[in-house]
Every structure is written in C-alpha cells, then in structure tokens.
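> One structure, as structure tokens, below. Some questions next.
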Amino acid sequence: MATRRRCAVPRVTVRPEDRVISLRDGRSMGFADYGPADGFVVVNAHGGLSCRLDIRAAAPVAEAAGIRLISPDRPGIGLSDPSPGRTVLDWAADVEELADHLGVERMGVLGWSMGGQYAAALGYALASRISRVAIVAGALPLTEAGTFARLPRMDRFFTRMSEGCPALAGASFRGLSVLARAMPRQFARISARSLAPADAEVVNNELKAFSAMTDEGLRNPAGVVEDYRAWMRPWGFDPEDLQVPVDVWWGDSDRLIPREWPAELAIRIPKSTLNIGSGGHFMAHLHYRAILDSLADAA
C-alpha cells in the first residue's frame with residue numbers, strides 16, 4: 001500500500017525580539033528589535049551567512065546605552081521574503097518603509113562585513129534621515145578591478161558557486177544549516193578552527209548563539225544564494241558619493257579582509273574616520289559600546 005508523504009513545514013523559531021511587517025509590494029520584512037523602545041534608533045545591516053540575530057550579543061550594551069537596535073533580515077534571509085535580482089541600493093527603500101512604519105525619523109546605521117555596503121547604501125540613499133554610519137570590517141565594491149580576487153577563499157567560492165551553479169550553492173547552504181541545528185556546539189567549534197585566534201575566541205564564547213544565528217541565516221538557501229549574487233552587482237553609487245559622517249572600524253587581527261581596505265574606504269568616503277582596534281573580523285563584539293556611543297553622540 002502506498003504511503004502518503006507529508007509536506008515539510010518550514011521551521012520558524014519565534015523569539016521575543018522578532019517582528020514582521022508587510023511592505024507595500026506585498027513582501028514580508030522580518031527584523032529583531034532590541035533595547036528601549038524610546039531609545040535612539042540604530043539600524044543594523046547583518047553580515048553574510050547570517051541574519052538579524054548577528055547583533056544579538058550587543059543587546060545588553062544597547063540597553064545600557066539607551067539605544068534601540070533594529071536589525072532587519074535582508075530579502076530572502078530569515079523572516080524576510082525574497083526579492084530576486086535585488087541590488088545593494090534597493091535595500092534602502094525597504095529600510096525606509098520600515099522606518100516609516102516604526103515612526104523613526106532619525107537614525108544611525110551599523111553594518112558589519114557584507115553588511116558594510118548595505119550600511120553605506122542607507123547613508124547614501126537616506127542621507128537626510130541618517131545621523132552617522134559605522135562600517136565594521138567592510139569591503140570595497142566588488143565590481144572594481146582586482147577587488148574580488150582579494151576576498152577570502154570561502155567567499156570567492158560561495159560567490160562563484162552562487163552565480164554559476166545556484167542549485168549546488170543552495171544545497172551547500174542547506175547542509176551547513178542542518179549541521180548548525182543538529183550539532184550546534186560542534187559546528188561552532190569547527191567553524192572557530194578556521195578563524196584567527198581573536199575571532200575563534202569570540203565564537204567559542206558564544207557557541208550556541210553562533211550556531212543559532214547561522215542556522216536561521218541559512219534556513220532559506222535560495223535567499224543566501226541571492227545575497228551572494230547581489231553583492232557582486234554594482235552598488236548604484238560610489239564610496240565618494242557618501243555625504244554623511246562615517247566611522248570605518250577595523251580589527252588589527254582581521255584576516256578576512258585585506259588590511260588596506262579600511263584605510264582606502266576611509267580615504268574615499270569624504271566625512272570619514274578610521275578606527276583601528278583590537279580583535280579580528282568579529283571586533284565589534286569587543287567594541288560595541290564605543291561603536292554605539294559614536295552613533296548616539298552624532299544624534
């Protein structure tokens with residue numbers, strides 16, 4: 001006798017900080033909301049292979065600093081519906097809708113790693129509403145000559161696979177998500193071994209949180225594929241076009257981006273300050289208070 005196969009139900013872990021709104025085009029946009037409801041708003045642009053939860057470790061710091069952290073999932077990531085063919089600049093329109101929905105007129109912006117370009121996009125497109133931008137361990141535009149070749153091997157691999165063989169890339173991301181969910185501590189420890197000592201220490205101190213963030217960030221593999229495809233498209237503006245104040249942050253032990261990139265970003269962005277601190281690619285975990293304070297002071 002034939003057996004009936006049950007349709008898989010997408011897993012959704014509901015957290016107290018999770019919220020979802022509907023955008024004008026019908027897409028859902030998910031975000032995490034941390035800190036006091038009446039605090040100065042800082043919008044977080046999460047990194048790659050991640051999601052809205054990558055700023056969760058900063059929640060106690062934000063609470064103490066009186067800052068409300070709003071961390072949206074990009075399209076196709078976590079709780080947000082996909083937007084095929086999107087560009088870095090397109091995300092600014094989504095965030096503007098979110099700000100309107102929340103009644104936020106003025107805000108700071110924080111972007112880490114792959115999120116750095118999205119933070120820059122908000123500073124460019126929403127300049128009248130942005131007090132200051134913090135770009136932490138961010139990259140230069142990958143469409144510029146010679147830039148892509150200087151990315152870490154893993155990012156180059158996932159990017160080329162996402163562009164040339166999206167089905168295989170999606171299967172790879174799905175496999176990583178399964179591992180992160182099934183063996184959270186082991187997955188985090190294995191991931192830490194490939195990182196610089198400073199970053200491995202951060203991951204080892206947050207084993208379950210790191211795996212939960214990765215699992216949630218990769219649970220929609222097609223969205224992760226599109227995230228990698230999107231960062232290879234033109235930004236729609238140049239670093240030189242930014243007119244809001246920008247803090248460029250870099251950890252002196254960061255092995256994942258060339259040490260020349262933060263200085264070049266700081267030179268190319270007109271109103272910028274280069275901040276070099278201890279730590280690696282995850283240096284924000286060691287300097288959240290200073291980063292958030294700089295954004296709040298600008299308000």
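By convention in this document, the chains of the structure tokens carry letters A, B, ... by their order, each chain's residues are numbered from 1, and ligands are numbered from 1 in the order they are shown.
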So which residues touch segment 226-228 of chain A within 7 Å, counting only C-alpha atoms, skipping near sequence neighbours fewer than 5 positions away, as a count of residues only?

3

> Once DSSP has gone over the backbone, tell me which residues of segment 20-138 of chain A are in helix (DSSP H, G or I), as a PyMOL selection string.

chain A and resi 52-65+90-102+115-125+127-129

> Could the residues in this selection be written to a file with C-alpha atoms, as a tab-separated table (two decimals), in the first residue's frame?


chain	number	residue	atom	x	y	z
A	52	ARG	CA	19.06	39.70	12.03
A	53	LEU	CA	20.49	37.78	15.01
A	54	ASP	CA	24.12	38.74	14.38
A	55	ILE	CA	23.71	41.80	16.60
A	56	ARG	CA	22.05	39.89	19.46
A	57	ALA	CA	25.21	39.93	21.57
A	58	ALA	CA	25.02	43.74	21.60
A	59	ALA	CA	21.53	43.79	23.13
A	60	PRO	CA	22.72	44.31	26.75
A	61	VAL	CA	25.10	47.03	25.59
A	62	ALA	CA	22.31	48.76	23.67
A	63	GLU	CA	20.05	48.58	26.71
A	64	ALA	CA	22.70	50.19	28.90
A	65	ALA	CA	23.44	52.87	26.28
A	90	ASP	CA	17.34	48.51	-3.37
A	91	TRP	CA	17.56	47.61	0.32
A	92	ALA	CA	17.44	51.28	1.26
A	93	ALA	CA	13.83	51.50	0.08
A	94	ASP	CA	12.88	48.53	2.28
A	95	VAL	CA	14.51	50.12	5.33
A	96	GLU	CA	12.85	53.45	4.61
A	97	GLU	CA	9.47	51.70	4.68
A	98	LEU	CA	10.43	50.02	7.94
A	99	ALA	CA	11.45	53.36	9.47
A	100	ASP	CA	8.17	54.93	8.35
A	101	HIS	CA	6.25	52.01	9.86
A	102	LEU	CA	8.06	52.42	13.19
A	115	GLY	CA	26.55	44.38	5.65
A	116	GLY	CA	29.01	47.25	5.29
A	117	GLN	CA	27.92	48.01	1.74
A	118	TYR	CA	24.27	47.99	2.81
A	119	ALA	CA	25.02	50.43	5.63
A	120	ALA	CA	26.73	52.66	3.07
A	121	ALA	CA	23.65	52.41	0.83
A	122	LEU	CA	21.45	53.72	3.65
A	123	GLY	CA	23.87	56.58	4.23
A	124	TYR	CA	23.73	57.46	0.55
A	125	ALA	CA	20.01	56.99	-0.21
A	127	ALA	CA	21.10	60.86	3.94
A	128	SER	CA	18.51	63.28	5.33
A	129	ARG	CA	17.48	60.69	7.95

> Counting only C-alpha atoms, what is within 6 Å of Pro239 of chain A, bar same-chain residues fewer than 3 positions away, as a list in words?

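These residues fall inside the cut-off: Leu242, Arg268 and Ile269 of chain A.
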
> Return the single residue from A:Ile70, A:Ile291, A:Met154, A:Val43 that is closest to Arg19 of chain A, with distances computed using only C-alpha atoms.

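Closest candidate: A:Ile70.
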
> Just list the residues in segment 27-211 of chain A DSSP gives strand (DSSP E or B) on the backbone, as an NGL selection string.

:A and (28-34 or 40-45 or 67-72 or 107-112 or 130-136)

> The selected residues should be written to file as a compact mmCIF listing (two decimals), in the first residue's frame (atoms: N, CA and C atoms).


# COMPACT_ATOMS: atom_id res chain seq x y z
N SER A 28 7.01 40.33 2.97
CA SER A 28 7.20 40.44 4.40
C SER A 28 8.65 40.82 4.69
N MET A 29 8.85 41.62 5.71
CA MET A 29 10.19 42.01 6.15
C MET A 29 10.30 41.71 7.63
N GLY A 30 11.19 40.80 8.00
CA GLY A 30 11.40 40.45 9.39
C GLY A 30 12.55 41.24 9.98
N PHE A 31 12.47 41.50 11.28
CA PHE A 31 13.56 42.21 11.94
C PHE A 31 13.54 41.88 13.43
N ALA A 32 14.68 42.05 14.06
CA ALA A 32 14.80 41.93 15.51
C ALA A 32 14.83 43.32 16.11
N ASP A 33 14.25 43.44 17.29
CA ASP A 33 14.11 44.74 17.93
C ASP A 33 14.65 44.63 19.36
N TYR A 34 15.79 45.29 19.62
CA TYR A 34 16.45 45.20 20.92
C TYR A 34 16.54 46.59 21.54
N PHE A 40 17.37 56.02 21.04
CA PHE A 40 17.80 56.43 19.71
C PHE A 40 17.99 55.18 18.84
N VAL A 41 17.45 55.20 17.64
CA VAL A 41 17.44 54.01 16.79
C VAL A 41 18.73 53.87 16.00
N VAL A 42 19.30 52.68 16.05
CA VAL A 42 20.41 52.29 15.18
C VAL A 42 19.96 51.07 14.38
N VAL A 43 20.03 51.18 13.06
CA VAL A 43 19.66 50.08 12.18
C VAL A 43 20.91 49.26 11.89
N ASN A 44 20.79 47.95 12.06
CA ASN A 44 21.92 47.05 11.83
C ASN A 44 21.78 46.35 10.49
N ALA A 45 22.85 46.35 9.70
CA ALA A 45 22.92 45.59 8.44
C ALA A 45 23.79 44.37 8.69
N ILE A 67 19.99 52.71 23.56
CA ILE A 67 19.86 52.63 22.10
C ILE A 67 18.91 51.52 21.72
N ARG A 68 18.04 51.80 20.79
CA ARG A 68 17.13 50.80 20.24
C ARG A 68 17.75 50.25 18.96
N LEU A 69 18.11 48.98 18.98
CA LEU A 69 18.73 48.32 17.84
C LEU A 69 17.66 47.65 16.98
N ILE A 70 17.56 48.06 15.74
CA ILE A 70 16.63 47.46 14.79
C ILE A 70 17.47 46.71 13.76
N SER A 71 17.29 45.39 13.68
CA SER A 71 18.14 44.56 12.82
C SER A 71 17.30 43.78 11.81
N PRO A 72 17.14 44.29 10.58
CA PRO A 72 16.30 43.61 9.59
C PRO A 72 17.03 42.46 8.90
N MET A 107 18.07 58.25 12.48
CA MET A 107 18.67 57.00 12.94
C MET A 107 20.15 56.94 12.55
N GLY A 108 20.87 56.12 13.29
CA GLY A 108 22.23 55.76 12.92
C GLY A 108 22.21 54.41 12.24
N VAL A 109 23.33 54.04 11.64
CA VAL A 109 23.41 52.79 10.89
C VAL A 109 24.71 52.09 11.21
N LEU A 110 24.61 50.77 11.42
CA LEU A 110 25.77 49.92 11.66
C LEU A 110 25.75 48.77 10.67
N GLY A 111 26.84 48.55 9.97
CA GLY A 111 26.93 47.43 9.03
C GLY A 111 28.22 46.67 9.23
N TRP A 112 28.11 45.35 9.37
CA TRP A 112 29.28 44.51 9.62
C TRP A 112 29.55 43.61 8.43
N ILE A 130 19.81 59.98 8.21
CA ILE A 130 20.91 59.24 8.83
C ILE A 130 21.86 60.21 9.53
N SER A 131 22.09 59.99 10.82
CA SER A 131 23.00 60.87 11.56
C SER A 131 24.44 60.47 11.37
N ARG A 132 24.70 59.16 11.32
CA ARG A 132 26.08 58.67 11.18
C ARG A 132 26.03 57.19 10.81
N VAL A 133 27.06 56.73 10.11
CA VAL A 133 27.17 55.33 9.68
C VAL A 133 28.44 54.74 10.27
N ALA A 134 28.35 53.50 10.73
CA ALA A 134 29.53 52.74 11.16
C ALA A 134 29.67 51.53 10.26
N ILE A 135 30.80 51.43 9.57
CA ILE A 135 31.10 50.28 8.72
C ILE A 135 32.21 49.49 9.41
N VAL A 136 31.89 48.26 9.80
CA VAL A 136 32.83 47.43 10.54
C VAL A 136 33.30 46.28 9.66

> In Å, how far is it from atom CA of Gly47 of chain A to atom CA of Pro234 of chain A?

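Separation between atom CA of Gly47 of chain A and atom CA of Pro234 of chain A: 18.0 Å.
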
> Name all residues at most 8 Å from Gly66 of chain A (count only C-alpha atoms; drop same-chain ones fewer than 5 positions away) and give them as number ranges by chain.

A: 35-36, 39-40

> For the selection just defined, write its residues with N, CA and C atoms to a file, as a short mmCIF file (atom, residue, chain, number, x, y, z; two decimals), in the first residue's frame.


data_model
loop_
_atom_site.label_atom_id
_atom_site.label_comp_id
_atom_site.auth_asym_id
_atom_site.auth_seq_id
_atom_site.Cartn_x
_atom_site.Cartn_y
_atom_site.Cartn_z
N GLY A 35 16.63 46.61 22.87
CA GLY A 35 16.86 47.87 23.56
C GLY A 35 15.57 48.60 23.87
N PRO A 36 15.68 49.77 24.53
CA PRO A 36 14.49 50.51 24.97
C PRO A 36 13.70 51.04 23.78
N GLY A 39 14.52 54.57 22.82
CA GLY A 39 15.93 54.88 22.61
C GLY A 39 16.21 55.38 21.21
N PHE A 40 17.37 56.02 21.04
CA PHE A 40 17.80 56.43 19.71
C PHE A 40 17.99 55.18 18.84
#

> Ranking A:Met161, A:Ala188, A:Ala200, A:Leu286 by minimum distance to Phe173 of chain A and counting only C-alpha atoms, which one comes first?

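Nearest candidate to Phe173 of chain A out of A:Met161, A:Ala188, A:Ala200, A:Leu286: A:Met161.
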
> May I ask which of the residues A:His46, A:Ala284, A:Pro75, A:Ile276 is the closest one to Leu23 of chain A, counting only C-alpha atoms?

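The shortest atom-to-atom distance to Leu23 of chain A comes from A:Pro75.
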
> Excluding segment 277-279 of chain A and its own-chain neighbours fewer than 4 positions away, which residues fall within 7 Å of it when counting only C-alpha atoms? Please give them as a PyMOL selection string.

chain A and resi 198+250-254+283

> Write a file of the selected residues as a short mmCIF file (atom, residue, chain, number, x, y, z; two decimals), in the first residue's frame, keeping all heavy atoms.


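The resulting part.cif:
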data_model
loop_
_atom_site.label_atom_id
_atom_site.label_comp_id
_atom_site.auth_asym_id
_atom_site.auth_seq_id
_atom_site.Cartn_x
_atom_site.Cartn_y
_atom_site.Cartn_z
N ALA A 198 41.71 35.59 17.59
CA ALA A 198 40.82 36.58 18.20
C ALA A 198 39.36 36.29 17.86
O ALA A 198 38.47 36.44 18.71
CB ALA A 198 41.19 37.99 17.73
N TRP A 250 38.01 48.69 12.05
CA TRP A 250 38.77 47.51 11.61
C TRP A 250 39.55 46.94 12.79
O TRP A 250 40.10 47.69 13.61
CB TRP A 250 39.74 47.88 10.49
CG TRP A 250 40.56 46.74 10.00
CD1 TRP A 250 40.12 45.65 9.29
CD2 TRP A 250 41.97 46.56 10.15
NE1 TRP A 250 41.17 44.81 8.99
CE2 TRP A 250 42.33 45.34 9.51
CE3 TRP A 250 42.98 47.31 10.77
CZ2 TRP A 250 43.63 44.87 9.48
CZ3 TRP A 250 44.28 46.84 10.73
CH2 TRP A 250 44.60 45.63 10.09
N GLY A 251 39.55 45.61 12.91
CA GLY A 251 40.31 44.95 13.95
C GLY A 251 41.71 44.61 13.47
O GLY A 251 41.89 44.09 12.37
N ASP A 252 42.70 44.89 14.29
CA ASP A 252 44.09 44.74 13.83
C ASP A 252 44.51 43.28 13.65
O ASP A 252 45.61 43.00 13.16
CB ASP A 252 45.06 45.46 14.78
CG ASP A 252 44.94 44.99 16.23
OD1 ASP A 252 44.25 43.98 16.49
OD2 ASP A 252 45.54 45.65 17.11
N SER A 253 43.63 42.33 14.02
CA SER A 253 43.92 40.91 13.80
C SER A 253 43.00 40.29 12.75
O SER A 253 42.92 39.06 12.65
CB SER A 253 43.80 40.13 15.12
OG SER A 253 44.71 40.60 16.09
N ASP A 254 42.31 41.11 12.00
CA ASP A 254 41.37 40.63 10.98
C ASP A 254 42.12 40.00 9.81
O ASP A 254 42.92 40.67 9.15
CB ASP A 254 40.51 41.79 10.49
CG ASP A 254 39.31 41.35 9.66
OD1 ASP A 254 39.34 40.21 9.13
OD2 ASP A 254 38.36 42.13 9.54
N MET A 283 35.52 42.03 15.54
CA MET A 283 36.00 43.01 16.51
C MET A 283 34.86 43.80 17.15
O MET A 283 34.99 44.29 18.27
CB MET A 283 37.00 43.97 15.85
CG MET A 283 36.44 44.89 14.78
SD MET A 283 35.86 46.50 15.40
CE MET A 283 37.39 47.26 15.90
#

> Using only C-alpha atoms, pick whichever of A:Ser272, A:Val178, A:Asp38, A:Gly76 has the shortest atom-to-atom distance to Val104 of chain A.

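Checking each candidate against Val104 of chain A, we get A:Asp38 as the closest.
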
> Restricting the calculation to only C-alpha atoms, which member of A:Ser80, A:Glu206, A:Val88, A:Ala139 is positioned closest to Pro262 of chain A?

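Checking each of A:Ser80, A:Glu206, A:Val88, A:Ala139 against Pro262 of chain A, counting only C-alpha atoms, the winner is A:Ala139.
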
> Rank A:Ser172, A:Ser191, A:Ser294, A:Ser22 by their smallest atom-to-atom distance to Val248 of chain A, using only C-alpha atoms, and report the top residue only.

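Nearest candidate to Val248 of chain A out of A:Ser172, A:Ser191, A:Ser294, A:Ser22: A:Ser294.
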